[in-house]
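Undergrad: See coords30.txt below, with compact mmCIF, C-alpha atoms.
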```
# COMPACT_ATOMS: atom_id res chain seq x y z
CA MET A 117 2.64 -60.46 -135.41
CA THR A 118 6.15 -58.99 -134.88
CA PRO A 119 6.07 -55.63 -133.05
CA HIS A 120 7.25 -52.59 -134.98
CA PRO A 121 10.99 -51.97 -134.22
CA ALA A 122 10.21 -48.59 -132.65
CA ARG A 123 7.70 -50.22 -130.29
CA ARG A 124 10.24 -52.88 -129.30
CA HIS A 125 12.62 -50.10 -128.23
CA LEU A 126 9.88 -48.39 -126.20
CA LEU A 127 8.86 -51.50 -124.24
CA PRO A 128 11.86 -51.55 -121.83
CA LEU A 129 11.25 -47.88 -121.08
CA LEU A 130 7.59 -48.52 -120.26
CA ILE A 131 8.13 -51.49 -117.93
CA PRO A 132 9.02 -49.40 -114.83
CA PHE A 133 5.86 -47.34 -115.30
CA LEU A 134 3.71 -50.46 -115.73
CA LEU A 135 5.16 -51.99 -112.56
CA ALA A 136 4.55 -48.75 -110.68
CA ALA A 137 0.88 -48.61 -111.65
CA PRO A 138 -1.23 -47.42 -108.72
CA ALA A 139 -3.02 -49.99 -106.59
CA GLN A 140 -6.78 -50.34 -106.77
CA ALA A 141 -8.47 -47.31 -105.25
CA SER A 142 -11.01 -47.70 -102.45
CA THR A 143 -13.70 -45.31 -101.28
CA CYS A 144 -14.99 -45.61 -97.74
CA HIS A 145 -18.42 -44.32 -96.74
CA GLY A 146 -19.59 -43.32 -93.29
CA ARG A 147 -17.74 -44.62 -90.24
CA PRO A 148 -16.63 -48.01 -88.87
CA GLY A 149 -19.87 -48.38 -86.91
CA ALA A 150 -22.18 -47.37 -89.77
CA GLY A 151 -20.80 -47.43 -93.28
CA SER A 152 -19.76 -49.26 -96.42
CA ILE A 153 -16.89 -49.37 -98.90
CA ALA A 154 -16.39 -49.50 -102.64
CA GLY A 155 -13.26 -51.04 -104.13
CA ALA A 156 -12.19 -52.96 -101.01
CA VAL A 157 -9.28 -55.39 -101.41
CA ALA A 158 -8.71 -58.77 -99.78
CA LEU A 159 -5.73 -59.29 -97.52
CA PRO A 160 -3.34 -62.10 -98.48
CA ALA A 161 -4.28 -65.32 -96.70
CA ARG A 162 -0.66 -65.67 -95.59
CA GLY A 163 2.79 -64.17 -95.94
CA ALA A 164 6.34 -64.85 -94.79
CA ASN A 165 5.53 -64.14 -91.13
CA PHE A 166 1.73 -63.82 -90.96
CA GLU A 167 -1.47 -65.66 -91.74
CA ALA A 168 -5.23 -65.19 -91.55
CA TYR A 169 -7.14 -66.42 -88.52
CA SER A 170 -9.20 -68.84 -90.63
CA GLN A 171 -9.18 -70.09 -94.21
CA LEU A 172 -12.95 -70.37 -93.94
CA GLY A 173 -13.14 -66.69 -92.97
CA VAL A 174 -11.01 -65.83 -96.00
CA GLN A 175 -13.25 -67.88 -98.30
CA MET A 176 -16.34 -66.19 -96.84
CA GLY A 177 -14.89 -62.79 -97.76
CA ARG A 178 -14.45 -61.53 -94.19
CA THR A 179 -10.91 -60.18 -94.69
CA HIS A 180 -11.41 -57.14 -96.97
CA VAL A 181 -10.01 -53.68 -96.20
CA HIS A 182 -9.47 -50.27 -97.77
CA ALA A 183 -6.56 -50.46 -100.25
CA ARG A 184 -4.47 -47.98 -98.27
CA VAL A 185 -5.03 -49.93 -95.05
CA ARG A 186 -3.76 -53.03 -96.86
CA GLU A 187 -0.56 -51.15 -97.74
CA VAL A 188 -0.06 -50.18 -94.10
CA LEU A 189 -0.57 -53.74 -92.86
CA LEU A 190 1.79 -55.29 -95.40
CA ASP A 191 4.51 -52.70 -94.80
CA ALA A 192 4.28 -53.35 -91.05
CA TYR A 193 4.57 -57.11 -91.54
CA ALA A 194 7.56 -56.60 -93.86
CA ALA A 195 9.30 -54.52 -91.18
CA LEU A 196 8.54 -57.19 -88.57
CA ALA A 197 9.99 -59.89 -90.83
CA ARG A 198 13.27 -57.98 -90.61
CA SER A 199 13.21 -57.09 -86.92
CA ARG A 200 11.54 -60.27 -85.55
CA PRO A 201 12.03 -63.00 -88.19
CA GLY A 202 11.06 -65.79 -85.79
CA THR A 203 7.71 -64.34 -84.73
CA HIS A 204 4.40 -65.58 -86.14
CA PHE A 205 1.58 -63.04 -86.50
CA VAL A 206 -2.10 -63.76 -87.13
CA TYR A 207 -4.67 -61.21 -88.24
CA GLY A 208 -8.37 -61.62 -87.50
CA GLU A 209 -11.52 -60.36 -89.14
CA THR A 210 -11.54 -57.09 -91.06
CA GLY A 211 -14.64 -56.54 -93.19
CA LEU A 212 -16.80 -57.58 -96.13
CA LYS A 213 -16.09 -56.69 -99.75
CA GLU A 214 -18.81 -54.01 -99.80
CA GLY A 215 -18.69 -53.29 -96.07
CA GLY A 216 -21.79 -53.00 -93.96
CA ARG A 217 -22.69 -55.00 -90.85
CA MET A 218 -20.59 -58.12 -90.30
CA ARG A 219 -21.96 -59.90 -87.26
CA PRO A 220 -21.09 -60.21 -84.44
CA HIS A 221 -18.95 -57.06 -84.83
CA ARG A 222 -20.37 -53.64 -84.07
CA THR A 223 -17.83 -51.89 -86.31
CA HIS A 224 -15.78 -53.27 -89.28
CA GLN A 225 -18.25 -51.65 -91.69
CA ASN A 226 -16.23 -49.30 -93.93
CA GLY A 227 -12.90 -51.05 -94.55
CA LEU A 228 -10.95 -49.26 -91.82
CA SER A 229 -11.22 -51.78 -88.96
CA VAL A 230 -8.81 -54.66 -88.41
CA ASP A 231 -8.57 -57.28 -85.67
CA PHE A 232 -5.16 -58.74 -84.85
CA MET A 233 -4.88 -61.91 -82.79
CA VAL A 234 -2.35 -61.63 -79.96
CA PRO A 235 1.07 -63.13 -80.75
CA VAL A 236 1.77 -66.00 -78.33
CA LEU A 237 4.62 -68.11 -76.98
CA ASP A 238 4.50 -71.82 -76.18
CA PRO A 239 5.91 -73.33 -72.92
CA GLN A 240 9.40 -73.39 -74.47
CA GLY A 241 9.19 -69.67 -75.30
CA LYS A 242 8.79 -70.30 -79.04
CA SER A 243 6.50 -68.10 -81.11
CA VAL A 244 3.51 -70.05 -82.44
CA PRO A 245 0.32 -68.99 -84.25
CA LEU A 246 -2.70 -68.52 -82.02
CA PRO A 247 -4.75 -71.76 -82.20
CA SER A 248 -7.81 -71.42 -84.41
CA SER A 249 -10.70 -73.84 -84.86
CA PRO A 250 -14.50 -73.86 -84.73
CA LEU A 251 -14.18 -75.14 -81.14
CA ASN A 252 -12.57 -71.87 -79.96
CA LYS A 253 -14.51 -69.60 -82.36
CA PHE A 254 -11.45 -69.38 -84.61
CA GLY A 255 -9.37 -67.91 -81.78
CA TYR A 256 -11.97 -65.41 -80.62
CA GLY A 257 -13.18 -67.78 -77.90
CA LEU A 258 -9.84 -68.09 -76.10
CA GLU A 259 -9.60 -66.51 -72.65
CA PHE A 260 -6.36 -65.08 -71.28
CA ASP A 261 -6.06 -64.44 -67.56
CA GLY A 262 -4.75 -61.28 -65.92
CA SER A 263 -1.16 -62.40 -66.40
CA GLY A 264 -1.68 -62.99 -70.12
CA LYS A 265 -1.83 -66.80 -69.99
CA ALA A 266 -4.28 -69.23 -71.58
CA ASP A 267 -3.59 -72.91 -70.92
CA ASP A 268 0.05 -73.45 -71.94
CA LEU A 269 0.28 -70.25 -74.03
CA ARG A 270 1.25 -66.75 -72.96
CA ILE A 271 0.97 -63.43 -74.75
CA ASP A 272 4.19 -62.23 -76.36
CA TYR A 273 3.89 -58.62 -75.22
CA ALA A 274 7.18 -57.60 -76.81
CA ALA A 275 5.99 -58.82 -80.23
CA LEU A 276 2.59 -57.17 -79.74
CA ALA A 277 4.24 -53.85 -78.87
CA GLU A 278 6.58 -54.11 -81.84
CA HIS A 279 3.63 -54.76 -84.13
CA LEU A 280 1.75 -51.71 -82.89
CA TYR A 281 4.92 -49.63 -83.28
CA GLU A 282 5.40 -50.79 -86.89
CA LEU A 283 1.71 -50.18 -87.66
CA GLN A 284 2.17 -46.65 -86.33
CA GLU A 285 5.26 -46.12 -88.49
CA ALA A 286 3.69 -47.59 -91.64
CA ALA A 287 0.55 -45.51 -91.12
CA ARG A 288 2.66 -42.34 -90.95
CA LYS A 289 4.50 -43.34 -94.12
CA HIS A 290 1.23 -43.83 -96.03
CA LYS A 291 -0.44 -40.77 -94.46
CA VAL A 292 -3.10 -42.92 -92.83
CA GLY A 293 -4.31 -42.05 -89.34
CA ILE A 294 -5.02 -44.37 -86.42
CA ALA A 295 -8.32 -43.43 -84.80
CA LEU A 296 -8.65 -46.09 -82.10
CA VAL A 297 -6.85 -49.08 -80.57
CA ILE A 298 -8.74 -51.47 -78.30
CA PHE A 299 -6.95 -53.90 -75.98
CA ASP A 300 -8.05 -55.32 -72.64
CA PRO A 301 -7.33 -52.64 -69.97
CA ALA A 302 -6.19 -55.32 -67.49
CA LEU A 303 -3.42 -56.36 -69.91
CA MET A 304 -2.32 -52.83 -70.86
CA PRO A 305 0.28 -52.39 -68.05
CA ALA A 306 2.29 -55.39 -69.30
CA LEU A 307 2.16 -54.03 -72.86
CA LEU A 308 3.39 -50.58 -71.80
CA LYS A 309 6.25 -52.09 -69.76
CA THR A 310 7.89 -53.48 -72.90
CA ALA A 311 10.87 -51.83 -74.58
CA ARG A 312 8.51 -50.15 -77.07
CA GLY A 313 5.96 -49.22 -74.41
CA LYS A 314 6.84 -45.53 -74.16
CA GLU A 315 6.59 -45.16 -77.95
CA LEU A 316 3.04 -46.50 -77.87
CA GLN A 317 1.63 -44.06 -75.35
CA GLY A 318 0.64 -41.62 -78.10
CA LEU A 319 -1.69 -44.19 -79.64
CA PRO A 320 -5.42 -43.58 -79.09
CA PHE A 321 -6.14 -46.53 -76.80
CA MET A 322 -9.76 -46.84 -75.73
CA LYS A 323 -10.14 -45.25 -72.31
CA GLY A 324 -13.33 -47.01 -71.22
CA LYS A 325 -14.30 -50.65 -71.00
CA PRO A 326 -14.91 -52.35 -74.37
CA TRP A 327 -18.15 -54.29 -74.89
CA ILE A 328 -16.09 -57.51 -75.08
CA ARG A 329 -12.72 -58.09 -73.39
CA HIS A 330 -10.31 -57.88 -76.34
CA ASP A 331 -7.81 -60.11 -74.55
CA GLU A 332 -7.24 -62.61 -77.40
CA HIS A 333 -7.14 -59.87 -80.03
CA TYR A 334 -6.52 -56.14 -80.38
CA HIS A 335 -8.66 -53.99 -82.59
CA VAL A 336 -7.43 -51.05 -84.69
CA ASP A 337 -9.59 -48.46 -86.47
CA PHE A 338 -7.60 -46.57 -89.09
CA ALA A 339 -8.57 -43.06 -90.17
CA LEU A 340 -9.01 -41.85 -93.75
CA PRO A 341 -11.30 -39.27 -95.34
CA CYS A 342 -14.59 -41.01 -96.20
CA GLN A 343 -17.66 -40.07 -98.18
CA PRO A 344 -20.96 -39.66 -96.33
CA ALA A 345 -22.75 -42.89 -95.50
CA LYS A 346 -25.01 -44.12 -98.26
CA ALA A 347 -28.70 -43.80 -97.53
CA LYS A 348 -30.48 -47.13 -97.12
CA ALA A 349 -33.16 -47.86 -99.67
CA LYS A 350 -36.65 -47.77 -98.19
CA ALA A 351 -38.86 -50.81 -98.52
CA GLY A 352 -41.73 -50.32 -100.97
```
Would you give me this structure, written as C-alpha cells?

TA:
Amino acid sequence: MTPHPARRHLLPLLIPFLLAAPAQASTCHGRPGAGSIAGAVALPARGANFEAYSQLGVQMGRTHVHARVREVLLDAYAALARSRPGTHFVYGETGLKEGGRMRPHRTHQNGLSVDFMVPVLDPQGKSVPLPSSPLNKFGYGLEFDGSGKADDLRIDYAALAEHLYELQEAARKHKVGIALVIFDPALMPALLKTARGKELQGLPFMKGKPWIRHDEHYHVDFALPCQPAKAKAKAG
C-alpha cells in the first residue's frame, strides 16, 4: 500500500526522533551485595578496542548491567579508542540478566558492578588482550607479582589509569556515581605514579584488604538510585 502523500512528507521529520528514542530503562533493587535488577542489558561481546573476557561467559548471560552503566562503559571505550587507539581492553564479569547471586562473586547482584581485566603489554611492549581460557579461570586465575608481571606479560599501568580516568569522566557526563574501586593495594603505587595518577586520587579506592587480591582485574561499583531489595519468597 502506498503511504498517503502527507505521511510521506512527515517521515523525514520523524526519523531524528526515532533514532533518538531512549535506551531500555533498568531498575536496580537493593545493593551490589544483596539485590536484583529489572531491565538489565547485555554488554557487546566486542568493540573496536575492547572484548569480553570469555565468549562462554557472554553466552551464559554473565555480562549484563544497568542500562546507564552500559552507556558509561561504552562512552569510556569510545574515548579510549581516540586517545589510545593501539590499546586492547578486556572487561570481565558483570552480572546476570535479573541480578542476584552470581558465584563466586560476593557482589555483582544489582547491575552496578563491573570487573575489568588489567590491560597488559607483551615482551615487545605491545598491547595484547589478557589471556583467557578454562586453564587460567578465564583470566581470573592469573597471578601478577609485586612489580605487575605475570610470566612474559606486564600490567600497562598507563592504560589502566587512562581507563579509570575515562570511566570517571563518562560517569560524570551520564550523572552516574562511582561508589567503589577495588585494585590490589600492593599495585596501587605504580598506578598512582602514572601521568593520570593525580586525577585518580579522588576515586573511592577500597582502603582495606579485599577478600581476593584483585591483581588481574579491577572492580568498579557504580552508584545509582535503586529501589529497596525485593523480599525473598518463603518456602511453603

Undergrad: Hey, can you pull every residue with an atom no more than 12 Å from (-11.5, -55.9, -72.5), using only C-alpha atoms, and send it as number ranges by chain?

TA: A: 259-262, 297-304, 321-335

Undergrad: Which distance in Å separates CA of Lys213 in chain A and CA of Ala183 in chain A, to one decimal?

TA: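 Pair CA of Lys213 in chain A / CA of Ala183 in chain A returns 11.4 Å.
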
Undergrad: Within 8 Å of Pro245 in chain A, counting all atoms listed in the file, which residues show up once you throw out same-chain ones fewer than 5 positions away? Write them as a PyMOL selection string, please.

TA: chain A and resi 204-206+235-236

Undergrad: May I ask which of the residues A:Tyr207, A:Phe338, A:Tyr273, A:Tyr281 is the closest one to Tyr256 in chain A, counting all atoms listed in the file?

TA: A:Tyr207

Undergrad: Can you check which parts of range 175-276 of chain A lie within 10 Å of range 147-160 of chain A? Per residue, the shortest pair of atoms and distance in Å to one decimal, counting all atoms listed in the file, sorted by chain and number, as a Markdown table.

TA:
```
| residue | atom | partner | partner_atom | distance |
| --- | --- | --- | --- | --- |
| A:Gly177 | CA | A:Ala158 | CA | 7.6 |
| A:Arg178 | CA | A:Ala158 | CA | 8.5 |
| A:Thr179 | CA | A:Ala158 | CA | 5.7 |
| A:His180 | CA | A:Ala158 | CA | 4.2 |
| A:Val181 | CA | A:Ala156 | CA | 5.3 |
| A:His182 | CA | A:Ala156 | CA | 5.0 |
| A:Ala183 | CA | A:Val157 | CA | 5.7 |
| A:Arg184 | CA | A:Val157 | CA | 9.4 |
| A:Val185 | CA | A:Val157 | CA | 9.4 |
| A:Arg186 | CA | A:Leu159 | CA | 6.6 |
| A:Glu187 | CA | A:Leu159 | CA | 9.6 |
| A:Leu189 | CA | A:Leu159 | CA | 8.9 |
| A:Leu190 | CA | A:Leu159 | CA | 8.8 |
| A:Tyr207 | CA | A:Leu159 | CA | 9.5 |
| A:Thr210 | CA | A:Leu159 | CA | 9.0 |
| A:Gly211 | CA | A:Ala156 | CA | 8.9 |
| A:Leu212 | CA | A:Ala156 | CA | 8.1 |
| A:Lys213 | CA | A:Ala156 | CA | 5.5 |
| A:Glu214 | CA | A:Ile153 | CA | 5.1 |
| A:Gly215 | CA | A:Ser152 | CA | 4.2 |
| A:Gly216 | CA | A:Ser152 | CA | 4.9 |
| A:Arg217 | CA | A:Ala150 | CA | 7.7 |
| A:His221 | CA | A:Gly149 | CA | 9.0 |
| A:Arg222 | CA | A:Gly149 | CA | 6.0 |
| A:Thr223 | CA | A:Gly149 | CA | 4.1 |
| A:His224 | CA | A:Pro148 | CA | 5.3 |
| A:Gln225 | CA | A:Pro148 | CA | 4.9 |
| A:Asn226 | CA | A:Ser152 | CA | 4.3 |
| A:Gly227 | CA | A:Ile153 | CA | 6.1 |
| A:Leu228 | CA | A:Pro148 | CA | 6.5 |
| A:Ser229 | CA | A:Pro148 | CA | 6.6 |
```

Undergrad: I want to know what sits within 9 Å of range 283-289 of chain A, based on only C-alpha atoms, with residues of the same chain fewer than 3 positions away left out; could you give that as a PDB file with C-alpha atoms, keeping the file's coordinate frame?

TA:
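Output file selection08.pdb is given in full below:
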```pdb
ATOM      1  CA  VAL A 185      -5.030 -49.930 -95.050  1.00  0.00           C
ATOM      2  CA  GLU A 187      -0.560 -51.150 -97.740  1.00  0.00           C
ATOM      3  CA  VAL A 188      -0.060 -50.180 -94.100  1.00  0.00           C
ATOM      4  CA  LEU A 189      -0.570 -53.740 -92.860  1.00  0.00           C
ATOM      5  CA  LEU A 190       1.790 -55.290 -95.400  1.00  0.00           C
ATOM      6  CA  ASP A 191       4.510 -52.700 -94.800  1.00  0.00           C
ATOM      7  CA  ALA A 192       4.280 -53.350 -91.050  1.00  0.00           C
ATOM      8  CA  TYR A 193       4.570 -57.110 -91.540  1.00  0.00           C
ATOM      9  CA  ALA A 195       9.300 -54.520 -91.180  1.00  0.00           C
ATOM     10  CA  GLU A 278       6.580 -54.110 -81.840  1.00  0.00           C
ATOM     11  CA  HIS A 279       3.630 -54.760 -84.130  1.00  0.00           C
ATOM     12  CA  LEU A 280       1.750 -51.710 -82.890  1.00  0.00           C
ATOM     13  CA  VAL A 292      -3.100 -42.920 -92.830  1.00  0.00           C
ATOM     14  CA  GLY A 293      -4.310 -42.050 -89.340  1.00  0.00           C
ATOM     15  CA  ILE A 294      -5.020 -44.370 -86.420  1.00  0.00           C
ATOM     16  CA  LEU A 316       3.040 -46.500 -77.870  1.00  0.00           C
ATOM     17  CA  LEU A 319      -1.690 -44.190 -79.640  1.00  0.00           C
ATOM     18  CA  PHE A 338      -7.600 -46.570 -89.090  1.00  0.00           C
TER      19      PHE A 338
END
```

Undergrad: Can you list, as a list in words, every protein, DNA or RNA residue that comes within 8 Å of Glu209 in chain A when you count all atoms listed in the file, leaving out same-chain residues fewer than 5 positions away?

TA: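 Result of the neighbour search: Tyr169, Gly173, Arg178, Thr179, Val230, Asp231 and Phe232 of chain A.
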
Undergrad: Pick out the closest residue to Lys314 in chain A from this set: A:Ala277, A:Val244, A:Ala161, A:Ala168. Count only C-alpha atoms.

TA: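 Closest candidate: A:Ala277.
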
Undergrad: As lines of an AutoDock Vina configuration file, please report the centre and edge lengths, rounded to one decimal in Å, of the axis-aligned box that holds all listed atoms of range 329-345 of chain A with 8 Å of padding on each of the six sides.

TA:
```
center_x = -14.6
center_y = -50.9
center_z = -85.8
size_x = 32.2
size_y = 39.3
size_z = 40.8
```

Undergrad: Is it possible to add N, CA, C and O atoms to range 139-150 of chain A and hand it back as a CSV table (one decimal), in the frame of the given file?

TA:
```csv
chain,number,residue,atom,x,y,z
A,139,ALA,N,-2.2,-48.9,-107.1
A,139,ALA,CA,-3.0,-50.0,-106.6
A,139,ALA,C,-4.5,-49.6,-106.7
A,139,ALA,O,-4.8,-48.4,-106.9
A,140,GLN,N,-5.3,-50.6,-106.7
A,140,GLN,CA,-6.8,-50.3,-106.8
A,140,GLN,C,-7.2,-49.3,-105.7
A,140,GLN,O,-6.8,-49.4,-104.6
A,141,ALA,N,-8.0,-48.3,-106.2
A,141,ALA,CA,-8.5,-47.3,-105.2
A,141,ALA,C,-9.7,-47.8,-104.5
A,141,ALA,O,-10.5,-48.5,-105.0
A,142,SER,N,-9.8,-47.4,-103.3
A,142,SER,CA,-11.0,-47.7,-102.4
A,142,SER,C,-11.7,-46.4,-102.0
A,142,SER,O,-11.0,-45.4,-101.8
A,143,THR,N,-13.0,-46.5,-101.8
A,143,THR,CA,-13.7,-45.3,-101.3
A,143,THR,C,-14.5,-45.8,-100.1
A,143,THR,O,-15.4,-46.6,-100.3
A,144,CYS,N,-14.2,-45.2,-98.9
A,144,CYS,CA,-15.0,-45.6,-97.7
A,144,CYS,C,-16.1,-44.6,-97.6
A,144,CYS,O,-16.1,-43.5,-97.9
A,145,HIS,N,-17.2,-45.1,-97.0
A,145,HIS,CA,-18.4,-44.3,-96.7
A,145,HIS,C,-18.8,-44.4,-95.3
A,145,HIS,O,-18.7,-45.5,-94.7
A,146,GLY,N,-19.2,-43.3,-94.7
A,146,GLY,CA,-19.6,-43.3,-93.3
A,146,GLY,C,-18.4,-43.6,-92.3
A,146,GLY,O,-17.3,-43.1,-92.5
A,147,ARG,N,-18.7,-44.4,-91.3
A,147,ARG,CA,-17.7,-44.6,-90.2
A,147,ARG,C,-17.7,-46.1,-89.9
A,147,ARG,O,-18.6,-46.9,-90.4
A,148,PRO,N,-16.7,-46.6,-89.1
A,148,PRO,CA,-16.6,-48.0,-88.9
A,148,PRO,C,-17.9,-48.6,-88.3
A,148,PRO,O,-18.2,-49.8,-88.6
A,149,GLY,N,-18.7,-47.8,-87.5
A,149,GLY,CA,-19.9,-48.4,-86.9
A,149,GLY,C,-21.1,-48.2,-87.8
A,149,GLY,O,-22.2,-48.8,-87.4
A,150,ALA,N,-21.0,-47.6,-88.9
A,150,ALA,CA,-22.2,-47.4,-89.8
A,150,ALA,C,-21.7,-46.9,-91.1
A,150,ALA,O,-21.5,-45.7,-91.4
```
